[in-house]
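**Q** Sharing a structure here in structure tokens format.
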Amino acid sequence: MFRAGETFPHDPGITEEEAQVAWVEQSQAVMVAVDTAGAVVGTYYLRPNSLALGAHVANAGYVVAEHCRRQGIGSRLCQHSLQAARRLGFRLMQFNLVVSTNTAGIRCWQRNGFQVVGTLPGAFRHKQLGYVDALVMVQGLVEGPTS
């Protein structure tokens, strides 16, 4: 069952069918991580961030099971998605809406090579805190000039 956390932009009341469409059917690649018992511990999707002339920029979204947080699963999913994006020919990965209160996620993305390139003031409606800032984060996926 898909549960959107408090810093994820999907509707917290998303149905299983809606999650299937958003996560799987609209993605170019989907990865599911399981533990040794076969239980799902995390997942990510990978898709173009834009259409046509911007389709060389990847976008990804990640979910880690709540009981598995702080075990490095998000970081391993991030690393795997970066490798997959390179294999698929993407030249850059961009996160459009990293919620500023998601400090663990921000640290994880920065440890994995992402840089903040912008702040979107009040771009996320947090359930408890109201409108909070969101960050745009990017990482190049090719060596040398990106042009």
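How things are named: the first chain in the structure tokens is A, the next is B, and so on; residues count from 1 in each chain; ligands count from 1 in the order shown.
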Show me, as CSV, the residues of segment 65-84 of chain A having an atom within 9 Å of segment 102-105 of chain A, each with the closest atom pair and its distance in Å, using only C-alpha atoms.

**A**
```
residue,atom,partner,partner_atom,distance
A:Arg70,CA,A:Ala104,CA,8.6
A:Gly74,CA,A:Gly105,CA,8.1
A:Ser75,CA,A:Gly105,CA,9.0
```

**Q** Taking only C-alpha atoms into account, name the residue in A:Glu18, A:Val64, A:Pro48, A:Gly13 that is nearest to Val32 of chain A.

**A**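 For Val32 of chain A, the nearest of the given residues is A:Val64.
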
**Q** Identify, on the basis of only C-alpha atoms, every residue whose closest approach to segment 112-114 of chain A does not exceed 7 Å; exclude the query and any residue fewer than 2 positions from it along the same chain; express the result as a ChimeraX atom specification.

**A** /A:108-110,116,137-139

**Q** Using only C-alpha atoms, which of A:Val132, A:Met31, A:Arg76, A:Ala52 sits nearest Leu120 of chain A?

**A**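 Among the listed residues, A:Val132 lies closest to Leu120 of chain A.
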
**Q** For Asn59 of chain A, which of A:Ala29, A:Ala84, A:His126, A:Gln94 is the closest residue, counting only C-alpha atoms?

**A**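 Closest residue, counting only C-alpha atoms: A:Gln94.
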
**Q** Going by DSSP on the backbone, which bits of chain A are strand (DSSP E or B)? Write them as an MDAnalysis selection string, please.

**A** chainID A and resid 29:34 40:48 57:64 92:99 115:126 130:140

**Q** In Å, how far is it from atom CA of Ala123 of chain A to atom CA of Leu77 of chain A?

**A**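 According to the coordinates, atom CA of Ala123 of chain A and atom CA of Leu77 of chain A are separated by 25.4 Å.
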
**Q** Using only C-alpha atoms, which residues sit within 12 Å of Leu92 of chain A once same-chain residues fewer than 6 positions away are excluded, as a PyMOL selection string?

**A** chain A and resi 47-50+54-60+81-86+113-115+137-143+145-147

**Q** Could you pull out the alpha helix (DSSP H) residues of chain A, going by DSSP on the backbone, and write them as a list in words?

**A**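 Here is the list: Glu16, Glu17, Glu18, Ala19, Ile73, Gly74, Ser75, Arg76, Leu77, Cys78, Gln79, His80, Ser81, Leu82, Gln83, Ala84, Ala85, Arg86, Arg87, Thr103, Ala104, Gly105, Ile106, Arg107, Cys108, Trp109, Gln110 and Arg111 of chain A.
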
**Q** To one decimal in Å, tell me the separation between atom CA of Ala134 of chain A and atom CA of Arg87 of chain A.

**A**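 Going from atom CA of Ala134 of chain A over to atom CA of Arg87 of chain A, I get 28.6 Å.
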
**Q** Nearest residue to Arg107 of chain A out of A:Thr119, A:Met93, A:Gly130, A:Gly72, using only C-alpha atoms?

**A**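 The answer is A:Gly72, which sits nearest to Arg107 of chain A.
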
**Q** Would you work out the distance separating atom CA of Gln71 of chain A from atom CA of Gly38 of chain A, expressed in Å to one decimal?

**A** 16.9 Å

**Q** For Ala65 of chain A, list every protein, DNA or RNA residue within 6 Å, evaluated using only C-alpha atoms, and leave out those in the same chain fewer than 3 positions away; present the list as an mmCIF file with C-alpha atoms, in the first residue's frame.

**A**
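Generated output (part_33.cif):
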```
data_model
loop_
_atom_site.group_PDB
_atom_site.id
_atom_site.type_symbol
_atom_site.label_atom_id
_atom_site.label_comp_id
_atom_site.auth_asym_id
_atom_site.auth_seq_id
_atom_site.Cartn_x
_atom_site.Cartn_y
_atom_site.Cartn_z
ATOM 1 C CA VAL A 41 11.318 -1.509 1.849
ATOM 2 C CA GLY A 42 11.463 1.218 -0.795
ATOM 3 C CA CYS A 68 13.073 1.237 7.373
#
```
